[in-house]
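Here is input_32.cif, consisting of mmCIF, C-alpha atoms:
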```
data_upload
#
loop_
_atom_site.label_atom_id
_atom_site.label_comp_id
_atom_site.auth_asym_id
_atom_site.auth_seq_id
_atom_site.Cartn_x
_atom_site.Cartn_y
_atom_site.Cartn_z
CA MET A 192 6.53 -13.22 -41.60
CA LYS A 193 4.10 -14.17 -38.86
CA ALA A 194 5.39 -15.92 -35.79
CA ARG A 195 4.01 -17.26 -32.55
CA VAL A 196 6.04 -17.38 -29.36
CA THR A 197 4.73 -19.47 -26.49
CA VAL A 198 6.13 -18.94 -23.01
CA THR A 199 5.44 -21.54 -20.35
CA LEU A 200 6.58 -22.09 -16.77
CA LYS A 201 9.38 -24.60 -16.34
CA GLN A 202 8.55 -27.91 -14.79
CA GLY A 203 8.68 -27.78 -11.02
CA VAL A 204 7.88 -24.05 -10.82
CA LEU A 205 4.73 -23.58 -8.78
CA ASP A 206 1.89 -21.99 -10.74
CA PRO A 207 -0.77 -20.67 -8.35
CA GLN A 208 -2.74 -19.15 -11.25
CA GLY A 209 -2.84 -22.47 -13.10
CA LYS A 210 -3.98 -24.16 -9.89
CA ALA A 211 -6.78 -21.62 -9.45
CA ILE A 212 -7.91 -22.13 -13.07
CA GLU A 213 -7.81 -25.89 -12.53
CA GLY A 214 -10.04 -25.45 -9.48
CA GLY A 215 -12.36 -23.20 -11.49
CA LEU A 216 -12.76 -25.80 -14.24
CA LYS A 217 -13.45 -28.50 -11.69
CA SER A 218 -16.03 -26.37 -9.91
CA LEU A 219 -17.78 -25.87 -13.27
CA GLY A 220 -18.20 -29.61 -13.34
CA ILE A 221 -16.03 -30.02 -16.44
CA GLU A 222 -14.91 -33.62 -16.22
CA GLY A 223 -11.61 -35.11 -17.21
CA ILE A 224 -9.34 -32.15 -16.45
CA GLY A 225 -5.98 -33.12 -15.01
CA ALA A 226 -3.47 -30.40 -14.22
CA VAL A 227 -3.57 -26.87 -15.68
CA ARG A 228 -0.49 -24.70 -16.24
CA GLN A 229 -0.89 -21.12 -17.43
CA GLY A 230 1.41 -19.57 -20.02
CA LYS A 231 1.58 -16.69 -22.51
CA VAL A 232 1.25 -16.48 -26.28
CA PHE A 233 2.73 -13.67 -28.38
CA ASP A 234 1.74 -13.27 -32.04
CA ILE A 235 4.54 -11.35 -33.67
CA GLU A 236 4.97 -9.85 -37.12
CA VAL A 237 8.64 -10.21 -38.09
CA GLU A 238 10.06 -7.96 -40.81
CA SER A 239 12.48 -10.50 -42.22
CA ALA A 240 11.22 -13.01 -44.82
CA ASP A 241 14.24 -15.20 -44.12
CA LYS A 242 13.37 -17.96 -41.67
CA ALA A 243 16.77 -18.28 -40.03
CA LYS A 244 17.03 -14.51 -39.59
CA ALA A 245 13.50 -14.30 -38.17
CA GLU A 246 14.21 -17.12 -35.75
CA SER A 247 17.38 -15.48 -34.52
CA VAL A 248 15.56 -12.16 -33.97
CA LEU A 249 12.83 -13.94 -32.02
CA ARG A 250 15.30 -15.93 -29.97
CA ASP A 251 16.98 -12.67 -28.98
CA ALA A 252 13.57 -11.21 -28.09
CA CYS A 253 12.76 -14.23 -25.92
CA GLU A 254 16.09 -14.27 -24.12
CA ARG A 255 16.10 -10.54 -23.45
CA LEU A 256 12.48 -9.78 -22.65
CA LEU A 257 9.64 -12.15 -23.53
CA ALA A 258 10.70 -14.94 -21.18
CA ASN A 259 12.37 -14.94 -17.79
CA THR A 260 14.55 -17.99 -18.34
CA VAL A 261 14.97 -18.46 -14.59
CA ILE A 262 11.42 -19.79 -14.46
CA GLU A 263 10.16 -19.96 -18.05
CA ASN A 264 10.73 -21.86 -21.29
CA TYR A 265 9.84 -20.50 -24.70
CA ARG A 266 8.92 -21.98 -28.06
CA ILE A 267 9.13 -20.20 -31.40
CA GLU A 268 6.88 -21.14 -34.34
CA LEU A 269 7.18 -19.49 -37.73
CA ALA A 270 4.28 -19.50 -40.20
CA GLU A 271 4.96 -21.47 -43.37
CA MET B 195 25.10 10.46 1.04
CA LYS B 196 23.57 11.40 -2.28
CA ALA B 197 20.67 9.23 -3.38
CA ALA B 198 19.08 9.19 -6.84
CA VAL B 199 15.46 8.04 -6.81
CA ILE B 200 14.51 6.68 -10.21
CA THR B 201 11.00 7.16 -11.54
CA PHE B 202 9.64 4.72 -14.11
CA PRO B 203 6.25 5.13 -15.78
CA GLY B 204 3.98 3.70 -13.08
CA SER B 205 6.28 4.20 -10.08
CA ASN B 206 4.18 5.58 -7.24
CA ARG B 207 6.32 5.37 -4.10
CA ASP B 208 9.14 7.63 -5.29
CA GLY B 209 7.84 10.55 -3.20
CA ASP B 210 7.65 8.46 -0.02
CA VAL B 211 11.13 7.01 -0.30
CA THR B 212 12.48 10.49 -1.07
CA ARG B 213 10.85 11.79 2.13
CA ALA B 214 12.29 8.89 4.16
CA LEU B 215 15.80 9.46 2.83
CA ARG B 216 15.66 13.23 3.40
CA GLN B 217 14.36 12.75 6.93
CA ALA B 218 17.39 10.54 7.60
CA GLY B 219 19.72 13.25 6.32
CA ALA B 220 20.48 12.11 2.78
CA THR B 221 20.59 14.44 -0.22
CA VAL B 222 18.04 13.20 -2.74
CA VAL B 223 17.83 13.91 -6.46
CA SER B 224 15.43 12.50 -9.04
CA ALA B 225 16.33 10.40 -12.06
CA TRP B 226 14.15 9.40 -15.00
CA HIS B 227 13.93 5.94 -16.54
CA ALA B 228 14.90 7.21 -19.99
CA ASP B 229 18.13 8.85 -18.74
CA HIS B 230 21.33 7.13 -19.75
CA ASP B 231 23.29 8.24 -16.70
CA LEU B 232 22.73 8.56 -12.99
CA PRO B 233 23.17 12.11 -11.63
CA ALA B 234 26.84 12.90 -10.99
CA GLY B 235 27.99 11.91 -7.52
CA THR B 236 25.23 9.36 -6.89
CA ASP B 237 26.12 7.08 -3.97
CA LEU B 238 22.82 5.24 -3.82
CA ALA B 239 20.41 4.42 -6.66
CA VAL B 240 16.85 3.77 -5.46
CA LEU B 241 14.21 1.85 -7.41
CA PRO B 242 10.92 2.71 -5.70
CA GLY B 243 7.72 0.77 -5.37
CA GLY B 244 4.79 1.03 -7.73
CA PHE B 245 3.53 -0.65 -10.85
CA SER B 246 6.04 0.19 -13.55
CA TYR B 247 4.50 -0.32 -16.99
CA GLY B 248 1.33 -1.56 -15.31
CA ASP B 249 3.10 -4.83 -14.40
CA TYR B 250 2.67 -5.81 -18.07
CA LEU B 251 4.46 -8.98 -19.24
CA ARG B 252 6.00 -9.70 -15.81
CA CYS B 253 6.36 -7.33 -12.85
CA GLY B 254 9.47 -5.21 -13.40
CA ALA B 255 10.33 -6.85 -16.73
CA ILE B 256 9.99 -3.82 -18.98
CA ALA B 257 11.44 -1.37 -16.46
CA SER B 258 14.49 -3.59 -16.04
CA ARG B 259 15.32 -2.95 -19.72
CA ALA B 260 15.01 0.86 -19.42
CA PRO B 261 18.03 2.95 -20.46
CA ILE B 262 18.77 4.03 -16.86
CA MET B 263 19.24 0.39 -15.84
CA ASP B 264 22.53 0.12 -17.73
CA ALA B 265 23.77 3.00 -15.57
CA VAL B 266 22.43 1.26 -12.44
CA ARG B 267 24.23 -1.97 -13.41
CA ALA B 268 27.48 -0.05 -13.98
CA HIS B 269 27.00 1.75 -10.64
CA ALA B 270 26.50 -1.59 -8.86
CA ALA B 271 29.51 -3.12 -10.60
CA ARG B 272 31.64 -0.26 -9.23
CA GLY B 273 30.41 -1.13 -5.74
CA GLY B 274 27.78 1.64 -5.61
CA LEU B 275 24.72 1.09 -3.43
CA VAL B 276 21.38 0.10 -4.97
CA LEU B 277 18.09 -0.25 -3.09
CA GLY B 278 14.95 -1.73 -4.66
CA ILE B 279 11.70 -1.73 -2.72
CA CYS B 280 8.69 -3.82 -3.81
CA ASN B 281 8.43 -3.17 -7.57
CA GLY B 282 12.07 -2.06 -7.27
CA PHE B 283 12.97 -5.54 -5.97
CA GLN B 284 11.09 -7.08 -8.91
CA ILE B 285 13.04 -4.84 -11.30
CA LEU B 286 16.36 -5.83 -9.69
CA CYS B 287 15.55 -9.53 -10.11
CA GLU B 288 14.47 -9.02 -13.72
CA SER B 289 17.62 -7.01 -14.44
CA GLY B 290 19.89 -9.75 -13.16
CA LEU B 291 21.29 -7.60 -10.34
CA LEU B 292 19.73 -9.99 -7.85
CA PRO B 293 19.02 -13.70 -8.34
CA GLY B 294 15.59 -15.29 -8.34
CA VAL B 295 12.16 -13.98 -9.25
CA LEU B 296 9.06 -12.67 -7.48
CA MET B 297 6.06 -14.78 -8.42
CA ARG B 298 2.35 -14.42 -7.73
CA ASN B 299 1.51 -14.66 -4.01
CA ALA B 300 0.75 -18.27 -3.10
CA ASP B 301 -2.87 -17.45 -2.19
CA LEU B 302 -3.30 -15.21 -5.28
CA HIS B 303 -4.38 -12.23 -3.15
CA PHE B 304 -2.93 -8.75 -3.30
CA ILE B 305 -1.84 -8.30 0.31
CA CYS B 306 -1.76 -4.82 1.85
CA ARG B 307 -1.14 -4.76 5.59
CA ARG B 308 1.37 -4.40 8.42
CA GLN B 309 4.02 -7.11 8.57
CA HIS B 310 6.81 -7.97 10.99
CA LEU B 311 10.28 -8.73 9.69
CA LYS B 312 13.33 -10.21 11.34
CA VAL B 313 16.63 -8.50 10.56
CA ALA B 314 19.09 -11.17 9.43
CA ARG B 315 22.26 -9.10 9.52
CA ALA B 316 23.32 -5.70 10.81
CA ASP B 317 26.77 -5.33 9.28
CA THR B 318 25.68 -3.87 5.95
CA ALA B 319 25.28 -0.32 4.62
CA PHE B 320 21.51 -0.88 4.65
CA THR B 321 20.97 -2.37 8.10
CA ASN B 322 23.69 -1.15 10.49
CA ARG B 323 21.22 0.83 12.61
CA TYR B 324 19.37 -2.40 13.41
CA HIS B 325 20.65 -5.40 15.35
CA VAL B 326 20.66 -9.04 14.29
CA GLY B 327 17.40 -10.72 15.20
CA GLN B 328 15.59 -7.41 15.70
CA VAL B 329 11.89 -7.55 14.84
CA ILE B 330 10.66 -4.54 12.90
CA ASP B 331 7.08 -3.62 12.10
CA VAL B 332 6.63 -2.34 8.53
CA CYS B 333 4.12 -2.68 5.68
CA ILE B 334 3.64 -4.92 2.70
CA ALA B 335 1.56 -4.15 -0.37
CA HIS B 336 2.07 -6.57 -3.23
CA GLY B 337 0.48 -9.22 -5.41
CA GLU B 338 3.77 -10.73 -6.60
CA GLY B 339 6.11 -11.09 -3.65
CA ASN B 340 6.57 -14.83 -3.59
CA TYR B 341 10.36 -15.15 -3.81
CA VAL B 342 11.47 -18.16 -5.86
CA CYS B 343 14.90 -19.33 -7.01
CA ASP B 344 16.53 -22.63 -7.84
CA GLU B 345 17.93 -24.85 -5.09
CA GLU B 346 21.52 -24.02 -5.84
CA THR B 347 20.85 -20.26 -5.64
CA LEU B 348 18.92 -20.70 -2.40
CA HIS B 349 21.82 -22.62 -0.92
CA GLU B 350 24.20 -19.84 -2.01
CA LEU B 351 22.01 -17.11 -0.52
CA GLU B 352 21.73 -18.93 2.79
CA SER B 353 25.35 -20.02 3.10
CA GLU B 354 26.68 -16.60 2.11
CA GLY B 355 24.37 -14.76 4.52
CA ARG B 356 22.60 -12.90 1.73
CA VAL B 357 19.11 -13.00 3.17
CA ALA B 358 18.43 -9.50 4.52
CA PHE B 359 15.03 -9.91 6.16
CA ARG B 360 12.58 -12.74 6.83
CA TYR B 361 8.86 -12.55 7.47
CA CYS B 362 8.00 -13.29 11.09
CA ASP B 363 5.27 -12.71 13.68
CA ALA B 364 5.28 -9.99 16.35
CA ALA B 365 7.29 -12.23 18.68
CA GLY B 366 9.93 -12.81 16.00
CA ASN B 367 8.97 -16.36 15.12
CA VAL B 368 9.80 -17.09 11.50
CA SER B 369 7.25 -19.60 10.31
CA ARG B 370 5.05 -20.58 7.41
CA ALA B 371 2.13 -19.02 9.30
CA ALA B 372 3.89 -15.64 9.41
CA ASN B 373 4.85 -15.82 5.73
CA PRO B 374 2.32 -13.75 3.79
CA ASN B 375 3.11 -14.83 0.24
CA GLY B 376 4.74 -18.25 0.13
CA SER B 377 8.32 -16.98 -0.31
CA LEU B 378 11.03 -19.63 -0.14
CA ASN B 379 12.58 -19.76 3.35
CA ASP B 380 10.33 -16.82 4.34
CA ILE B 381 12.63 -14.46 2.44
CA ALA B 382 11.50 -10.81 2.42
CA GLY B 383 14.72 -9.30 1.09
CA VAL B 384 18.06 -10.36 -0.39
CA PHE B 385 21.52 -8.85 -0.87
CA SER B 386 23.84 -9.13 -3.84
CA GLU B 387 27.08 -11.03 -3.47
CA ASP B 388 28.99 -7.89 -2.41
CA LEU B 389 26.15 -6.68 -0.13
CA ASN B 390 25.86 -3.41 -2.07
CA VAL B 391 22.49 -4.20 -3.67
CA LEU B 392 19.39 -4.84 -1.55
CA GLY B 393 15.97 -5.82 -2.83
CA MET B 394 13.04 -6.15 -0.45
CA MET B 395 9.27 -6.53 -0.86
CA PRO B 396 8.17 -4.69 2.34
CA HIS B 397 7.95 -0.91 2.55
CA PRO B 398 10.15 0.55 5.29
CA GLU B 399 9.41 4.04 3.90
CA ASN B 400 5.81 3.72 5.16
CA LEU B 401 6.91 3.56 8.79
CA ILE B 402 9.04 6.63 9.40
CA ASP B 403 6.65 8.80 11.40
CA ASP B 404 4.67 8.18 14.60
CA LEU B 405 1.80 10.03 12.94
CA VAL B 406 1.22 7.03 10.66
CA GLY B 407 1.78 4.28 13.17
CA GLY B 408 5.46 3.69 13.73
CA THR B 409 9.06 4.43 12.92
CA ASP B 410 10.64 1.00 12.50
CA GLY B 411 11.46 1.76 8.88
CA ARG B 412 13.75 4.65 9.79
CA GLY B 413 16.69 2.42 10.66
CA LEU B 414 17.18 1.44 7.03
CA PHE B 415 17.33 5.03 5.77
CA GLU B 416 19.47 6.17 8.71
CA SER B 417 21.90 3.33 7.97
CA LEU B 418 22.10 4.44 4.34
CA ALA B 419 22.38 8.15 5.17
CA ALA B 420 25.40 7.38 7.33
CA ALA B 421 26.99 5.05 4.75
#
```

As structure tokens, what does this structure read like?
Amino acid sequence: MKARVTVTLKQGVLDPQGKAIEGGLKSLGIEGIGAVRQGKVFDIEVESADKAKAESVLRDACERLLANTVIENYRIELAE
Amino acid sequence: MKAAVITFPGSNRDGDVTRALRQAGATVVSAWHADHDLPAGTDLAVLPGGFSYGDYLRCGAIASRAPIMDAVRAHAARGGLVLGICNGFQILCESGLLPGVLMRNADLHFICRRQHLKVARADTAFTNRYHVGQVIDVCIAHGEGNYVCDEETLHELESEGRVAFRYCDAAGNVSRAANPNGSLNDIAGVFSEDLNVLGMMPHPENLIDDLVGGTDGRGLFESLAAA
């Protein structure tokens, strides 16, 4: 089963990289950009075909390595 | 004092910290990230600077899950000493041995230069050869040294006296201007609750010989060698 895990910075955590990207977009003259926050996307092939099992494996992966839950949130999406 | 210096793939300051510890009189042995145990009789586990796993994912994240880290956690839980310098500090935060996280420097630059630090306490195994308020001249070399934690943790660190060093100028003034990376409260290093684990971004091991510009880093290794 294919899955996508998205890791983003928690609200309130400063994101100097996002700020720099935001500045870069503005300096390109791209109009209408508000704030930019940078995150990470992981495309993961999960062995299990069972959705609940796959989700529990991915949750474990997020908690133990993919995200630092002190500063980051994660979201798990499983392909239909 | 027997110190085990742990090498991870991408560590590059293991040789320097070994030299600093030996100069101070410690016995130093090497340990490998894939080992499951620290060498017998280890008093101090050292996580050196470098770029373990190329800083992939987050600095120190993959190294903090290496097999040796279970042994380091057990060693710390028994009251054993643990020192993490630069990438070692990042690994300690990622492993949960120290609170908080080291984020990208506020100005996004990799900063490599001399830096003054103010010693916050001198009654620990790491700092007893210094005195409180002493200004030491060491080095920094990092892109992710911006110490961040939640408000509650920061309050705990401050009220329990767990800040080890703060960035300051040559005169000892701790200020935003003397803070190279945006760290909360100008924090350059923190202790664990029981003061047996120290993580710090600066490199005291760079300044142990007059030949390379100073010896202010020696105090840390001499403190440890005598512990």

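Atom to atom, atom CA of A:Lys231 and atom CA of A:Gly203 stand 17.5 Å apart.
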
Spatial neighbours of stretch 249-265 of chain A, max dist 7 Å, only C-alpha atoms, sep filter under 4 positions, as a ChimeraX atom specification
/A:196-201,204,245 /B:255

Counting only C-alpha atoms, which residues in chain B sit no more than 9 Å from chain A? For each one, give the nearest pair of atoms and the distance in Å, sorted by chain then residue number, as a tab-separated table.
```
residue	atom	partner	partner_atom	distance
B:Leu251	CA	A:Leu257	CA	7.4
B:Arg252	CA	A:Asn259	CA	8.5
B:Ala255	CA	A:Leu256	CA	6.9
B:Ile256	CA	A:Leu256	CA	7.4
B:Arg259	CA	A:Leu256	CA	8.0
B:Glu288	CA	A:Asn259	CA	7.5
B:Pro293	CA	A:Val261	CA	8.8
B:Gly294	CA	A:Val261	CA	7.0
B:Val295	CA	A:Val261	CA	7.5
B:Met297	CA	A:Asp206	CA	8.6
B:Arg298	CA	A:Pro207	CA	7.0
B:Asn299	CA	A:Pro207	CA	7.8
B:Ala300	CA	A:Pro207	CA	6.0
B:Asp301	CA	A:Pro207	CA	7.3
B:Leu302	CA	A:Pro207	CA	6.8
B:Val342	CA	A:Val204	CA	8.5
B:Cys343	CA	A:Val261	CA	7.6
B:Asp344	CA	A:Val261	CA	8.1
```

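For the atom pair formed by atom CA of A:Asp234 and atom CA of A:Gln202, the distance is 23.6 Å, given to one decimal.
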
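If you look at atom CA of B:Glu345 and atom CA of A:Ala226, they are 23.9 Å away from each other.
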
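Residues selected in this file by the PyMOL selection byres ((chain B and resi 336) around 7) comprise B:Phe304, B:Ile305, B:Cys306, B:Ile334, B:Ala335, B:Gly337, B:Glu338, B:Gly339.
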
So that I can check the surroundings of stretch 397-413 of chain B, please list as a PyMOL selection string every protein, DNA and RNA residue that reaches within 7 Å of it, counting only C-alpha atoms and ignoring chain neighbours fewer than 5 positions away.
chain B and resi 210-211+214+279+321+323-324+330-334

I would like the residues chosen by the PyMOL selection byres ((chain A and resi 268) around 6) on the shown file; could you give them as a ChimeraX atom specification?
/A:194-195,267,269

May I have a table of the residues of stretch 197-256 of chain B lying at most 9 Å from stretch 268-275 of chain B, giving each one's closest pair of atoms and their distance in Å to one decimal, counting all atoms listed in the file, ordered by chain and ascending residue number, as a Markdown table?
```
| residue | atom | partner | partner_atom | distance |
| --- | --- | --- | --- | --- |
| B:Leu232 | CA | B:His269 | CA | 8.4 |
| B:Thr236 | CA | B:Gly274 | CA | 8.2 |
| B:Asp237 | CA | B:Gly274 | CA | 5.9 |
| B:Leu238 | CA | B:Leu275 | CA | 4.6 |
| B:Ala239 | CA | B:Leu275 | CA | 6.3 |
| B:Val240 | CA | B:Leu275 | CA | 8.6 |
```

I'd like the residues picked by the PyMOL selection byres ((chain A and resi 237) around 9) written out as a PDB file with C-alpha atoms, in the frame of the given file, using the chain letters and numbers from the file.
```pdb
ATOM      1  CA  MET A 192       6.530 -13.220 -41.600  1.00  0.00           C
ATOM      2  CA  LYS A 193       4.100 -14.170 -38.860  1.00  0.00           C
ATOM      3  CA  ALA A 194       5.390 -15.920 -35.790  1.00  0.00           C
ATOM      4  CA  ILE A 235       4.540 -11.350 -33.670  1.00  0.00           C
ATOM      5  CA  GLU A 236       4.970  -9.850 -37.120  1.00  0.00           C
ATOM      6  CA  GLU A 238      10.060  -7.960 -40.810  1.00  0.00           C
ATOM      7  CA  SER A 239      12.480 -10.500 -42.220  1.00  0.00           C
ATOM      8  CA  ALA A 240      11.220 -13.010 -44.820  1.00  0.00           C
ATOM      9  CA  ALA A 245      13.500 -14.300 -38.170  1.00  0.00           C
ATOM     10  CA  VAL A 248      15.560 -12.160 -33.970  1.00  0.00           C
ATOM     11  CA  LEU A 249      12.830 -13.940 -32.020  1.00  0.00           C
TER      12      LEU A 249
END
```

Which residues are near stretch 414-418 of chain B? Cut-off 6 Å, all atoms listed in the file, ignore same chain within fewer than 3 positions. Put them as a PyMOL selection string.
chain B and resi 215+218+319-323+421

So, counting only C-alpha atoms, which residue among B:Val329, B:Val223, B:Ala420, B:Ala257 is closest to B:Leu286?
B:Ala257
